[in-house]
file start-v4.txt (compact mmCIF, C-alpha atoms (C1' of nucleotides))
# COMPACT_ATOMS: atom_id res chain seq x y z
CA MET A 21 18.92 -40.48 -19.06
CA SER A 22 19.05 -44.05 -17.78
CA ARG A 23 17.53 -45.28 -14.53
CA PRO A 24 19.52 -43.73 -11.64
CA PHE A 25 22.23 -45.95 -10.23
CA TYR A 26 22.29 -44.73 -6.64
CA HIS A 27 19.31 -44.97 -4.31
CA PHE A 28 18.99 -44.93 -0.53
CA GLU A 29 19.74 -48.63 -0.17
CA ASN A 30 23.03 -48.84 -2.07
CA PHE A 31 24.48 -45.43 -1.32
CA GLU A 32 27.22 -45.87 1.25
CA ALA A 33 30.90 -45.05 1.52
CA ARG A 34 32.37 -48.33 0.27
CA ASN A 35 30.10 -48.06 -2.74
CA SER A 36 30.54 -44.40 -3.50
CA LEU A 37 32.75 -43.22 -6.33
CA GLY A 38 33.51 -40.06 -4.38
CA TYR A 39 34.79 -41.95 -1.38
CA LEU A 40 36.72 -44.51 -3.43
CA ASN A 41 38.34 -41.77 -5.45
CA LYS A 42 39.24 -39.74 -2.37
CA ARG A 43 40.75 -42.71 -0.59
CA LEU A 44 42.71 -43.73 -3.69
CA PHE A 45 43.96 -40.18 -4.09
CA THR A 46 45.29 -40.11 -0.53
CA LEU A 47 47.08 -43.44 -0.89
CA ILE A 48 48.46 -42.70 -4.35
CA SER A 49 49.75 -39.34 -3.16
CA GLN A 50 51.53 -40.90 -0.23
CA ALA A 51 53.06 -43.64 -2.35
CA VAL A 52 54.17 -41.38 -5.18
CA GLU A 53 55.63 -38.70 -2.90
CA GLU A 54 57.63 -41.55 -1.41
CA ILE A 55 58.94 -42.48 -4.86
CA PHE A 56 60.17 -38.94 -5.47
CA ALA A 57 61.31 -38.22 -1.93
CA ASP A 58 65.05 -38.44 -2.61
CA GLN A 59 64.70 -35.90 -5.43
CA GLU A 60 62.60 -33.59 -3.28
CA LEU A 61 60.07 -33.62 -6.07
CA SER A 62 56.30 -33.75 -5.58
CA PHE A 63 53.80 -35.52 -7.79
CA VAL A 64 52.42 -32.31 -9.27
CA GLN A 65 55.92 -31.00 -9.91
CA TRP A 66 56.65 -34.16 -11.83
CA VAL A 67 53.45 -33.80 -13.85
CA ALA A 68 54.47 -30.21 -14.62
CA LEU A 69 57.91 -31.31 -15.76
CA VAL A 70 56.55 -34.02 -18.02
CA SER A 71 53.86 -31.72 -19.39
CA VAL A 72 56.49 -29.25 -20.54
CA ARG A 73 58.70 -31.97 -21.96
CA ASP A 74 55.87 -33.56 -23.96
CA ASP A 75 54.46 -30.26 -25.20
CA VAL A 76 51.21 -30.81 -23.32
CA ALA A 77 51.58 -27.36 -21.76
CA ASP A 78 54.40 -24.83 -21.93
CA THR A 79 53.00 -22.00 -19.81
CA CYS A 80 51.95 -21.57 -16.19
CA ALA A 81 48.34 -21.12 -17.20
CA GLY A 82 48.46 -24.25 -19.36
CA ILE A 83 49.82 -26.37 -16.53
CA ALA A 84 47.23 -24.93 -14.17
CA ARG A 85 44.45 -25.94 -16.57
CA HIS A 86 46.02 -29.34 -17.10
CA LEU A 87 46.17 -30.06 -13.38
CA GLY A 88 42.93 -28.27 -12.60
CA HIS A 89 44.82 -26.01 -10.23
CA ASP A 90 44.81 -22.38 -9.28
CA SER A 91 47.12 -20.24 -11.41
CA GLY A 92 48.64 -18.53 -8.37
CA ALA A 93 49.62 -21.84 -6.81
CA THR A 94 51.08 -22.91 -10.13
CA THR A 95 53.27 -19.81 -10.34
CA ARG A 96 54.80 -20.69 -6.98
CA MET A 97 55.27 -24.33 -7.93
CA ILE A 98 57.09 -23.28 -11.11
CA ASP A 99 59.17 -20.87 -9.02
CA GLN A 100 60.57 -23.84 -7.15
CA LEU A 101 61.34 -25.85 -10.28
CA GLU A 102 63.07 -22.82 -11.76
CA ARG A 103 65.04 -22.12 -8.58
CA ARG A 104 66.27 -25.70 -8.63
CA GLY A 105 67.35 -25.36 -12.23
CA LEU A 106 64.94 -27.90 -13.70
CA LEU A 107 63.23 -25.47 -16.06
CA THR A 108 63.53 -21.96 -17.44
CA ARG A 109 61.17 -19.03 -17.96
CA ASN A 110 61.27 -16.98 -21.16
CA ARG A 111 59.02 -14.03 -21.89
CA CYS A 112 57.31 -14.70 -25.21
CA LYS A 113 58.19 -12.22 -27.99
CA THR A 114 54.94 -12.34 -29.94
CA ASP A 115 52.59 -12.28 -26.92
CA ARG A 116 54.30 -10.43 -24.14
CA ARG A 117 51.81 -11.58 -21.51
CA VAL A 118 53.06 -15.15 -21.84
CA VAL A 119 56.09 -16.68 -20.13
CA ARG A 120 57.17 -19.78 -22.00
CA LEU A 121 58.60 -22.67 -20.00
CA GLY A 122 61.36 -24.99 -21.13
CA LEU A 123 63.27 -27.87 -19.56
CA THR A 124 66.92 -27.54 -18.73
CA ALA A 125 69.27 -30.46 -19.36
CA GLN A 126 68.99 -31.29 -15.68
CA GLY A 127 65.21 -31.13 -15.81
CA ARG A 128 65.24 -33.49 -18.75
CA ALA A 129 67.54 -35.87 -16.88
CA VAL A 130 65.35 -35.88 -13.77
CA ALA A 131 62.19 -36.52 -15.77
CA LYS A 132 63.89 -39.37 -17.59
CA ALA A 133 65.23 -40.91 -14.40
CA MET A 134 61.90 -40.75 -12.58
CA THR A 135 59.73 -42.28 -15.28
CA PRO A 136 60.77 -45.91 -14.77
CA ARG A 137 60.24 -45.59 -11.04
CA VAL A 138 56.64 -44.51 -11.51
CA MET A 139 56.04 -47.19 -14.10
CA THR A 140 57.46 -49.88 -11.83
CA PHE A 141 55.26 -48.71 -9.00
CA TRP A 142 52.10 -48.85 -11.07
CA ASN A 143 52.97 -52.22 -12.56
CA ALA A 144 53.39 -53.57 -9.03
CA VAL A 145 50.02 -52.19 -7.95
CA LEU A 146 48.41 -53.64 -11.07
CA LYS A 147 50.06 -57.03 -10.90
CA ASP A 148 46.79 -58.82 -10.16
CA PHE A 149 44.91 -57.04 -12.94
CA SER A 150 44.74 -58.47 -16.44
CA HIS A 151 45.59 -56.07 -19.24
CA ALA A 152 41.96 -56.16 -20.30
CA GLU A 153 40.87 -55.13 -16.82
CA THR A 154 43.39 -52.30 -16.60
CA THR A 155 42.44 -51.05 -20.04
CA GLN A 156 38.78 -51.11 -19.09
CA LEU A 157 39.42 -49.31 -15.83
CA ILE A 158 41.30 -46.57 -17.67
CA ALA A 159 38.55 -46.31 -20.26
CA LEU A 160 35.82 -46.04 -17.62
CA LEU A 161 37.77 -43.43 -15.63
CA THR A 162 38.38 -41.43 -18.80
CA ARG A 163 34.66 -41.41 -19.54
CA LEU A 164 33.89 -40.47 -15.95
CA LEU A 165 36.38 -37.62 -16.17
CA ALA A 166 34.79 -36.33 -19.36
CA SER A 167 31.37 -36.56 -17.75
CA MET A 168 32.60 -34.69 -14.69
CA GLU A 169 34.05 -31.95 -16.86
CA ARG A 170 30.70 -31.52 -18.58
CA GLU A 171 28.91 -31.48 -15.24
CA VAL A 172 31.23 -28.82 -13.80
CA ALA A 173 30.86 -26.72 -16.94
CA ASP A 174 27.07 -26.99 -16.62
CA GLN A 175 27.19 -25.93 -12.98
CA LYS A 176 29.25 -22.91 -13.99
CA ASN A 177 26.87 -21.96 -16.79
CA GLY A 178 23.96 -22.31 -14.40
CA GLU A 179 25.59 -19.84 -12.04
CA GLN A 180 26.30 -17.34 -14.80
CA GLU A 181 22.66 -17.41 -15.87
CA GLU A 182 21.60 -16.77 -12.28
CA THR A 183 23.79 -13.71 -11.92
CA ALA A 184 22.89 -12.41 -15.39
CA MET B 2 52.90 -61.53 -11.44
CA SER B 3 51.47 -60.89 -14.89
CA ARG B 4 53.23 -59.14 -17.73
CA PRO B 5 53.62 -55.44 -16.79
CA PHE B 6 50.92 -53.17 -18.16
CA TYR B 7 52.88 -49.94 -18.50
CA HIS B 8 55.93 -49.57 -20.72
CA PHE B 9 57.66 -46.57 -22.24
CA GLU B 10 55.30 -46.37 -25.20
CA ASN B 11 51.94 -46.32 -23.42
CA PHE B 12 52.91 -44.43 -20.26
CA GLU B 13 51.57 -40.90 -20.57
CA ALA B 14 49.29 -38.63 -18.59
CA ARG B 15 45.98 -39.36 -20.32
CA ASN B 16 46.69 -43.04 -19.80
CA SER B 17 47.97 -42.93 -16.27
CA LEU B 18 45.81 -44.00 -13.35
CA GLY B 19 47.63 -41.51 -11.15
CA TYR B 20 46.82 -38.59 -13.39
CA LEU B 21 43.23 -39.67 -14.03
CA ASN B 22 42.63 -40.14 -10.33
CA LYS B 23 44.18 -36.80 -9.45
CA ARG B 24 42.17 -34.95 -12.06
CA LEU B 25 38.96 -36.65 -10.99
CA PHE B 26 39.70 -35.84 -7.36
CA THR B 27 40.09 -32.15 -8.16
CA LEU B 28 36.85 -32.00 -10.12
CA ILE B 29 34.85 -34.08 -7.66
CA SER B 30 36.07 -31.93 -4.78
CA GLN B 31 35.02 -28.76 -6.54
CA ALA B 32 31.62 -30.14 -7.44
CA VAL B 33 30.88 -31.63 -4.03
CA GLU B 34 32.03 -28.58 -2.09
CA GLU B 35 29.59 -26.68 -4.29
CA ILE B 36 26.78 -29.04 -3.25
CA PHE B 37 27.47 -28.40 0.43
CA ALA B 38 28.32 -24.73 0.12
CA ASP B 39 25.10 -23.39 1.63
CA GLN B 40 25.61 -25.59 4.72
CA GLU B 41 29.25 -24.53 5.04
CA LEU B 42 30.07 -28.21 5.09
CA SER B 43 33.07 -29.77 3.37
CA PHE B 44 33.23 -33.17 1.77
CA VAL B 45 35.37 -34.68 4.53
CA GLN B 46 33.13 -33.20 7.20
CA TRP B 47 30.20 -34.90 5.55
CA VAL B 48 32.05 -38.21 5.42
CA ALA B 49 32.87 -37.80 9.11
CA LEU B 50 29.23 -37.12 9.93
CA VAL B 51 27.98 -40.13 7.99
CA SER B 52 30.71 -42.34 9.44
CA VAL B 53 29.56 -41.59 12.95
CA ARG B 54 25.92 -42.01 12.05
CA ASP B 55 26.46 -45.39 10.39
CA ASP B 56 28.80 -46.70 13.12
CA VAL B 57 31.70 -46.91 10.67
CA ALA B 58 33.82 -44.91 13.13
CA ASP B 59 32.93 -43.22 16.40
CA THR B 60 36.28 -41.75 17.42
CA CYS B 61 38.69 -39.20 15.99
CA ALA B 62 41.29 -41.86 15.37
CA GLY B 63 38.75 -44.07 13.61
CA ILE B 64 37.67 -41.29 11.28
CA ALA B 65 41.31 -40.44 10.59
CA ARG B 66 41.97 -44.05 9.58
CA HIS B 67 38.80 -44.17 7.51
CA LEU B 68 39.73 -41.05 5.56
CA GLY B 69 43.44 -41.84 5.53
CA HIS B 70 44.07 -38.54 7.24
CA ASP B 71 46.33 -37.21 9.93
CA SER B 72 44.88 -37.50 13.42
CA GLY B 73 45.79 -33.91 14.28
CA ALA B 74 43.91 -32.57 11.29
CA THR B 75 40.96 -34.75 12.23
CA THR B 76 40.85 -33.34 15.75
CA ARG B 77 40.51 -29.84 14.32
CA MET B 78 37.88 -30.92 11.81
CA ILE B 79 35.82 -32.49 14.60
CA ASP B 80 36.30 -29.30 16.62
CA GLN B 81 34.40 -27.44 13.94
CA LEU B 82 31.57 -29.95 13.75
CA GLU B 83 31.26 -29.86 17.53
CA ARG B 84 31.36 -26.07 17.65
CA ARG B 85 28.53 -25.97 15.14
CA GLY B 86 26.49 -28.39 17.21
CA LEU B 87 26.44 -31.25 14.72
CA LEU B 88 28.11 -33.77 17.00
CA THR B 89 29.18 -34.27 20.60
CA ARG B 90 32.32 -35.52 22.35
CA ASN B 91 32.10 -37.87 25.32
CA ARG B 92 35.09 -39.21 27.20
CA CYS B 93 34.76 -42.99 27.28
CA LYS B 94 34.32 -44.50 30.76
CA THR B 95 36.00 -47.85 30.13
CA ASP B 96 38.99 -46.54 28.13
CA ARG B 97 39.75 -43.06 29.29
CA ARG B 98 42.02 -42.30 26.32
CA VAL B 99 39.05 -42.42 23.98
CA VAL B 100 36.58 -39.65 23.20
CA ARG B 101 33.44 -41.09 21.74
CA LEU B 102 31.59 -39.10 19.08
CA GLY B 103 27.87 -38.95 18.61
CA LEU B 104 25.49 -37.05 16.33
CA THR B 105 23.18 -34.41 17.68
CA ALA B 106 19.65 -34.12 16.37
CA GLN B 107 20.83 -31.28 14.16
CA GLY B 108 23.75 -33.36 12.89
CA ARG B 109 21.36 -36.15 12.04
CA ALA B 110 19.09 -33.73 10.21
CA VAL B 111 21.95 -32.25 8.19
CA ALA B 112 23.26 -35.67 7.19
CA LYS B 113 19.78 -36.74 6.14
CA ALA B 114 19.17 -33.57 4.15
CA MET B 115 22.49 -33.74 2.29
CA THR B 116 22.30 -37.37 1.20
CA PRO B 117 19.82 -36.93 -1.65
CA ARG B 118 21.83 -34.01 -3.00
CA VAL B 119 24.94 -36.12 -3.29
CA MET B 120 23.01 -38.99 -4.80
CA THR B 121 21.40 -36.75 -7.37
CA PHE B 122 24.75 -35.34 -8.33
CA TRP B 123 26.30 -38.74 -8.87
CA ASN B 124 23.32 -40.03 -10.78
CA ALA B 125 23.63 -37.05 -13.10
CA VAL B 126 27.33 -37.68 -13.66
CA LEU B 127 26.62 -41.35 -14.31
CA LYS B 128 23.66 -40.84 -16.59
CA ASP B 129 25.53 -42.17 -19.65
CA PHE B 130 26.80 -45.24 -17.79
CA SER B 131 24.84 -48.48 -17.73
CA HIS B 132 24.38 -50.05 -14.31
CA ALA B 133 26.71 -52.84 -15.37
CA GLU B 134 29.41 -50.33 -16.24
CA THR B 135 29.04 -48.43 -12.98
CA THR B 136 29.11 -51.64 -11.00
CA GLN B 137 32.22 -52.75 -12.78
CA LEU B 138 33.92 -49.40 -12.28
CA ILE B 139 33.20 -49.57 -8.57
CA ALA B 140 34.45 -53.15 -8.41
CA LEU B 141 37.68 -52.30 -10.21
CA LEU B 142 38.31 -49.25 -8.04
CA THR B 143 37.66 -51.30 -4.93
CA ARG B 144 40.23 -53.87 -6.04
CA LEU B 145 42.68 -51.11 -6.91
CA LEU B 146 42.18 -49.57 -3.48
CA ALA B 147 42.86 -52.90 -1.79
CA SER B 148 45.96 -53.36 -3.91
CA MET B 149 47.19 -49.86 -3.04
CA GLU B 150 46.66 -50.55 0.65
CA ARG B 151 48.78 -53.69 0.41
CA GLU B 152 51.45 -51.77 -1.52
CA VAL B 153 51.61 -48.97 1.04
CA ALA B 154 51.80 -51.50 3.87
CA ASP B 155 54.67 -53.25 2.07
CA GLN B 156 56.52 -49.97 1.61
CA LYS B 157 56.17 -49.28 5.33
CA ASN B 158 57.44 -52.73 6.28
CA GLY B 159 60.38 -52.28 3.96
CA GLU B 160 61.34 -49.08 5.75
CA GLN B 161 61.06 -50.66 9.16
CA GLU B 162 63.41 -53.46 8.11
CA GLU B 163 65.90 -50.88 6.88
CA THR B 164 65.95 -48.99 10.14
CA ALA B 165 66.05 -52.17 12.21
C1' DA C 17 41.05 4.80 -32.85
C1' DC C 18 39.57 3.53 -28.51
C1' DA C 19 36.96 1.50 -24.88
C1' DA C 20 35.87 -2.97 -22.93
C1' DA C 21 36.60 -7.52 -22.20
C1' DG C 22 39.58 -11.25 -21.75
C1' DT C 23 44.08 -13.49 -20.72
C1' DA C 24 48.66 -14.35 -18.38
C1' DC C 25 51.19 -13.69 -14.55
C1' DC C 26 52.18 -12.56 -9.95
C1' DT C 27 51.32 -11.38 -4.86
C1' DG C 28 49.13 -11.35 -0.16
C1' DC C 29 45.91 -13.74 2.69
C1' DC C 30 43.44 -17.89 4.41
C1' DT C 31 42.54 -22.75 5.33
C1' DA C 32 43.26 -27.79 5.32
C1' DG C 33 46.16 -31.29 6.08
C1' DG C 34 50.91 -33.49 7.15
C1' DC C 35 54.56 -33.93 10.70
C1' DA C 36 56.62 -33.93 15.14
C1' DG C 37 56.13 -33.70 19.81
C1' DA C 38 53.65 -33.93 24.34
C1' DC C 39 50.55 -36.04 27.46
C1' DA C 40 47.42 -39.51 29.45
C1' DT C 41 46.00 -44.06 29.45
C1' DT C 42 46.07 -48.92 28.43
C1' DG C 43 47.91 -53.46 27.51
C1' DC C 44 51.73 -56.52 27.30
C1' DC C 45 55.63 -58.94 28.99
C1' DT C 46 58.92 -60.30 32.28
C1' DA D 5 54.53 -55.11 40.49
C1' DG D 6 57.13 -52.53 37.08
C1' DG D 7 58.92 -51.20 32.80
C1' DC D 8 57.73 -50.31 28.07
C1' DA D 9 55.46 -50.25 23.81
C1' DA D 10 51.16 -48.88 21.75
C1' DT D 11 47.05 -46.03 21.34
C1' DG D 12 44.04 -41.76 21.50
C1' DT D 13 44.00 -37.01 21.75
C1' DC D 14 45.63 -32.57 21.27
C1' DT D 15 48.96 -28.62 20.06
C1' DG D 16 52.42 -25.84 17.37
C1' DC D 17 54.69 -25.44 12.98
C1' DC D 18 55.04 -25.84 7.91
C1' DT D 19 53.54 -26.22 3.15
C1' DA D 20 50.33 -26.55 -0.78
C1' DG D 21 46.59 -24.87 -2.88
C1' DG D 22 42.22 -21.79 -3.30
C1' DC D 23 40.64 -16.94 -3.60
C1' DA D 24 40.80 -12.10 -4.45
C1' DG D 25 43.18 -8.39 -6.14
C1' DG D 26 46.45 -5.79 -9.14
C1' DT D 27 49.29 -5.11 -13.37
C1' DA D 28 50.54 -5.81 -18.08
C1' DC D 29 49.21 -7.05 -22.42
C1' DT D 30 46.04 -8.57 -26.33
C1' DT D 31 41.72 -9.12 -28.71
C1' DT D 32 37.20 -7.68 -29.83
C1' DG D 33 33.64 -4.66 -30.90
C1' DT D 34 32.07 -0.09 -32.01
call {"tool": "encode", "arguments": {"input": "start-v4.txt", "output": "structure tokens"}}
result
Amino acid sequence: MSRPFYHFENFEARNSLGYLNKRLFTLISQAVEEIFADQELSFVQWVALVSVRDDVADTCAGIARHLGHDSGATTRMIDQLERRGLLTRNRCKTDRRVVRLGLTAQGRAVAKAMTPRVMTFWNAVLKDFSHAETTQLIALLTRLLASMEREVADQKNGEQEETA
Amino acid sequence: MSRPFYHFENFEARNSLGYLNKRLFTLISQAVEEIFADQELSFVQWVALVSVRDDVADTCAGIARHLGHDSGATTRMIDQLERRGLLTRNRCKTDRRVVRLGLTAQGRAVAKAMTPRVMTFWNAVLKDFSHAETTQLIALLTRLLASMEREVADQKNGEQEETA
DNA sequence: ACAAAGTACCTGCCTAGGCAGACATTGCCT
DNA sequence: AGGCAATGTCTGCCTAGGCAGGTACTTTGT
């Protein structure tokens, strides 16, 4: 364990990863919802669509894990995508608990049409960043994410030991 | 404008700032709410408290801007903090639209008691990061935030021109 | 073979935050 | 002075997501 980074002198909002992340999340959400507004598609719905297309997740539970969401909320989100004909549900034959998701032709078309919009948006936001800087930012965030996942897992284990 | 960073080959979830930020936000929220659970305090309530204490914002509207939140939601959040005796509302004498916020002794105590918890948490998450890396991550995120704010402002101006 | 635990899905309930609208007050501009 | 936009605050209404519970199914352990 290295010397702690935060201490009472340097710990303030502008300097805090929590605050920066929260603020970024709010702004990104607003901007991205704007991008999808004419398709009445939300950011998480788009992530769900792309996840299914790219075989990252093909079940409700998988998408919920991927997004770090509640499985109940995910069911309802998928309901909407299904109702609008962007994807289909199919009860799995070999494991009858599972409902497998698949894109419809329309779902595929929407995902394809939206991708360049999102890319253009991000390239505009990143226009003053060198590729090296962007790459490094992504690398650091990826490490932070992994570290957070470990931390949350540890918290959970701690609780289980307490109750045991 | 530099060469665009994202193109069809490298644009995927694990690589996307939007996805990374969203995922981090979810995990950070869970972890931080956990930290405050015994005080029945949420992350945004804590930010509000600290904002008032440090003179970053002393009105509902100011806190709403600071957090990038809706002013209606902020009113209700402040209601809770007031009801629990952590801060007070005072109608401003010179500008009678404004309600000035101030911490109570209890609010000050809570803010003081929570700070080390949050610091400890972040230091644990960052234990595998050198100070140089953390500093750079914060710097990059700060630049990204500024860039996002410009982008959102531009979007808004664009809309206004359309309707005009 | 069978009980127990775990997993996937779905449903009601609750809360936080966004949006639109109302009101009071202030500042600006003619 | 008088109209009018802008600001701060607050209130209903709506939606998304968390939580708890219930059912169906599968896996694991005895």
call {"tool": "calpha_fit_and_write", "arguments": {"input": "start-v4.txt", "fixed": "chain A", "moving": "chain B", "output": "compact mmCIF listing (two decimals) with C-alpha atoms, in the frame of the given file"}}
result
# COMPACT_ATOMS: atom_id res chain seq x y z
CA MET B 2 18.96 -40.47 -19.11
CA SER B 3 19.06 -44.02 -17.80
CA ARG B 4 17.54 -45.24 -14.57
CA PRO B 5 19.53 -43.71 -11.67
CA PHE B 6 22.24 -45.94 -10.26
CA TYR B 7 22.30 -44.73 -6.67
CA HIS B 8 19.31 -44.96 -4.35
CA PHE B 9 18.96 -44.90 -0.58
CA GLU B 10 19.73 -48.59 -0.18
CA ASN B 11 23.01 -48.83 -2.10
CA PHE B 12 24.46 -45.40 -1.35
CA GLU B 13 27.20 -45.84 1.23
CA ALA B 14 30.88 -45.04 1.52
CA ARG B 15 32.36 -48.33 0.30
CA ASN B 16 30.11 -48.05 -2.72
CA SER B 17 30.54 -44.40 -3.49
CA LEU B 18 32.76 -43.23 -6.33
CA GLY B 19 33.51 -40.07 -4.38
CA TYR B 20 34.78 -41.95 -1.38
CA LEU B 21 36.72 -44.52 -3.41
CA ASN B 22 38.35 -41.79 -5.45
CA LYS B 23 39.24 -39.75 -2.38
CA ARG B 24 40.73 -42.73 -0.59
CA LEU B 25 42.71 -43.75 -3.66
CA PHE B 26 43.96 -40.19 -4.08
CA THR B 27 45.27 -40.13 -0.52
CA LEU B 28 47.07 -43.44 -0.88
CA ILE B 29 48.46 -42.72 -4.33
CA SER B 30 49.75 -39.35 -3.16
CA GLN B 31 51.53 -40.92 -0.22
CA ALA B 32 53.06 -43.65 -2.33
CA VAL B 33 54.16 -41.38 -5.17
CA GLU B 34 55.61 -38.71 -2.91
CA GLU B 35 57.62 -41.56 -1.40
CA ILE B 36 58.93 -42.49 -4.85
CA PHE B 37 60.15 -38.94 -5.46
CA ALA B 38 61.29 -38.23 -1.92
CA ASP B 39 65.02 -38.44 -2.60
CA GLN B 40 64.68 -35.90 -5.44
CA GLU B 41 62.57 -33.58 -3.28
CA LEU B 42 60.05 -33.64 -6.09
CA SER B 43 56.29 -33.75 -5.60
CA PHE B 44 53.79 -35.51 -7.79
CA VAL B 45 52.43 -32.29 -9.30
CA GLN B 46 55.93 -31.00 -9.93
CA TRP B 47 56.65 -34.16 -11.84
CA VAL B 48 53.47 -33.79 -13.87
CA ALA B 49 54.47 -30.20 -14.63
CA LEU B 50 57.92 -31.31 -15.76
CA VAL B 51 56.56 -34.03 -18.02
CA SER B 52 53.89 -31.70 -19.40
CA VAL B 53 56.50 -29.24 -20.55
CA ARG B 54 58.72 -31.96 -21.94
CA ASP B 55 55.91 -33.57 -23.95
CA ASP B 56 54.49 -30.24 -25.20
CA VAL B 57 51.23 -30.82 -23.34
CA ALA B 58 51.59 -27.35 -21.79
CA ASP B 59 54.41 -24.82 -21.95
CA THR B 60 53.01 -22.00 -19.83
CA CYS B 61 51.94 -21.58 -16.21
CA ALA B 62 48.34 -21.13 -17.22
CA GLY B 63 48.45 -24.26 -19.38
CA ILE B 64 49.83 -26.37 -16.56
CA ALA B 65 47.23 -24.93 -14.20
CA ARG B 66 44.46 -25.96 -16.60
CA HIS B 67 46.02 -29.37 -17.12
CA LEU B 68 46.19 -30.07 -13.39
CA GLY B 69 42.93 -28.28 -12.63
CA HIS B 70 44.82 -26.03 -10.26
CA ASP B 71 44.82 -22.40 -9.31
CA SER B 72 47.12 -20.26 -11.44
CA GLY B 73 48.62 -18.54 -8.40
CA ALA B 74 49.60 -21.84 -6.85
CA THR B 75 51.08 -22.91 -10.17
CA THR B 76 53.25 -19.80 -10.37
CA ARG B 77 54.78 -20.67 -7.00
CA MET B 78 55.26 -24.31 -7.96
CA ILE B 79 57.09 -23.27 -11.13
CA ASP B 80 59.16 -20.86 -9.03
CA GLN B 81 60.54 -23.83 -7.17
CA LEU B 82 61.33 -25.83 -10.29
CA GLU B 83 63.06 -22.80 -11.77
CA ARG B 84 65.00 -22.10 -8.59
CA ARG B 85 66.25 -25.67 -8.63
CA GLY B 86 67.34 -25.35 -12.23
CA LEU B 87 64.94 -27.88 -13.71
CA LEU B 88 63.23 -25.46 -16.06
CA THR B 89 63.53 -21.95 -17.45
CA ARG B 90 61.16 -19.02 -17.97
CA ASN B 91 61.24 -16.98 -21.17
CA ARG B 92 58.99 -14.03 -21.88
CA CYS B 93 57.31 -14.69 -25.22
CA LYS B 94 58.19 -12.21 -27.98
CA THR B 95 54.93 -12.35 -29.92
CA ASP B 96 52.56 -12.28 -26.92
CA ARG B 97 54.23 -10.41 -24.14
CA ARG B 98 51.75 -11.61 -21.50
CA VAL B 99 53.06 -15.14 -21.84
CA VAL B 100 56.09 -16.68 -20.15
CA ARG B 101 57.17 -19.76 -22.00
CA LEU B 102 58.60 -22.67 -20.02
CA GLY B 103 61.34 -24.98 -21.13
CA LEU B 104 63.27 -27.87 -19.57
CA THR B 105 66.92 -27.55 -18.74
CA ALA B 106 69.26 -30.45 -19.34
CA GLN B 107 68.99 -31.28 -15.66
CA GLY B 108 65.19 -31.13 -15.81
CA ARG B 109 65.24 -33.50 -18.75
CA ALA B 110 67.53 -35.87 -16.87
CA VAL B 111 65.34 -35.86 -13.77
CA ALA B 112 62.18 -36.51 -15.76
CA LYS B 113 63.88 -39.37 -17.59
CA ALA B 114 65.23 -40.90 -14.39
CA MET B 115 61.89 -40.75 -12.56
CA THR B 116 59.73 -42.30 -15.27
CA PRO B 117 60.76 -45.92 -14.76
CA ARG B 118 60.22 -45.58 -11.02
CA VAL B 119 56.64 -44.51 -11.50
CA MET B 120 56.04 -47.21 -14.07
CA THR B 121 57.45 -49.88 -11.82
CA PHE B 122 55.26 -48.74 -8.99
CA TRP B 123 52.10 -48.88 -11.05
CA ASN B 124 52.97 -52.22 -12.55
CA ALA B 125 53.39 -53.58 -9.03
CA VAL B 126 50.03 -52.21 -7.94
CA LEU B 127 48.41 -53.66 -11.05
CA LYS B 128 50.06 -57.05 -10.88
CA ASP B 129 46.77 -58.84 -10.12
CA PHE B 130 44.92 -57.06 -12.93
CA SER B 131 44.75 -58.50 -16.42
CA HIS B 132 45.60 -56.09 -19.23
CA ALA B 133 41.96 -56.17 -20.28
CA GLU B 134 40.87 -55.13 -16.81
CA THR B 135 43.39 -52.31 -16.60
CA THR B 136 42.43 -51.07 -20.03
CA GLN B 137 38.80 -51.11 -19.10
CA LEU B 138 39.43 -49.32 -15.82
CA ILE B 139 41.32 -46.60 -17.65
CA ALA B 140 38.57 -46.33 -20.25
CA LEU B 141 35.85 -46.04 -17.62
CA LEU B 142 37.79 -43.44 -15.64
CA THR B 143 38.41 -41.46 -18.80
CA ARG B 144 34.69 -41.43 -19.56
CA LEU B 145 33.92 -40.48 -15.97
CA LEU B 146 36.42 -37.63 -16.17
CA ALA B 147 34.82 -36.34 -19.36
CA SER B 148 31.40 -36.57 -17.76
CA MET B 149 32.61 -34.69 -14.68
CA GLU B 150 34.07 -31.97 -16.87
CA ARG B 151 30.73 -31.52 -18.61
CA GLU B 152 28.95 -31.47 -15.24
CA VAL B 153 31.27 -28.83 -13.80
CA ALA B 154 30.89 -26.72 -16.94
CA ASP B 155 27.10 -26.99 -16.63
CA GLN B 156 27.22 -25.93 -12.99
CA LYS B 157 29.27 -22.89 -13.96
CA ASN B 158 26.87 -21.93 -16.74
CA GLY B 159 23.97 -22.28 -14.36
CA GLU B 160 25.59 -19.81 -11.98
CA GLN B 161 26.29 -17.32 -14.72
CA GLU B 162 22.64 -17.38 -15.78
CA GLU B 163 21.61 -16.74 -12.19
CA THR B 164 23.80 -13.70 -11.83
CA ALA B 165 22.87 -12.37 -15.26
call {"tool": "residues_around", "arguments": {"input": "start-v4.txt", "residues": "DG43 of chain C", "least_positions_apart": "4", "cutoff": "10 Å", "atoms": "all atoms listed in the file", "output": "PyMOL selection string"}}
result
chain D and resi 9-11
call {"tool": "interface_residues", "arguments": {"input": "start-v4.txt", "of": "chain B", "to": "chain A", "cutoff": "8 Å", "atoms": "all atoms listed in the file", "output": "number ranges by chain"}}
result
B: 2-8, 12, 14, 16-19, 21-29, 32, 48, 68-69, 120, 123-132, 134-135, 138-139, 141-143, 145-146, 148-150, 152-153
call {"tool": "atom_distance", "arguments": {"input": "start-v4.txt", "atom1": "atom CA of Ala62 of chain B", "atom2": "atom CA of Val99 of chain B"}}
result
8.9 Å
call {"tool": "residues_around", "arguments": {"input": "start-v4.txt", "residues": "DG21 of chain D", "least_positions_apart": "5", "cutoff": "12 Å", "atoms": "all atoms listed in the file", "output": "list in words"}}
result
Val64, Ala84, Leu87, Gly88, His89, Asp90, Ser91, Gly92, Ala93, Thr94, Thr95, Arg96 and Met97 of chain A; Thr27 of chain B; DC30, DT31, DA32 and DG33 of chain C
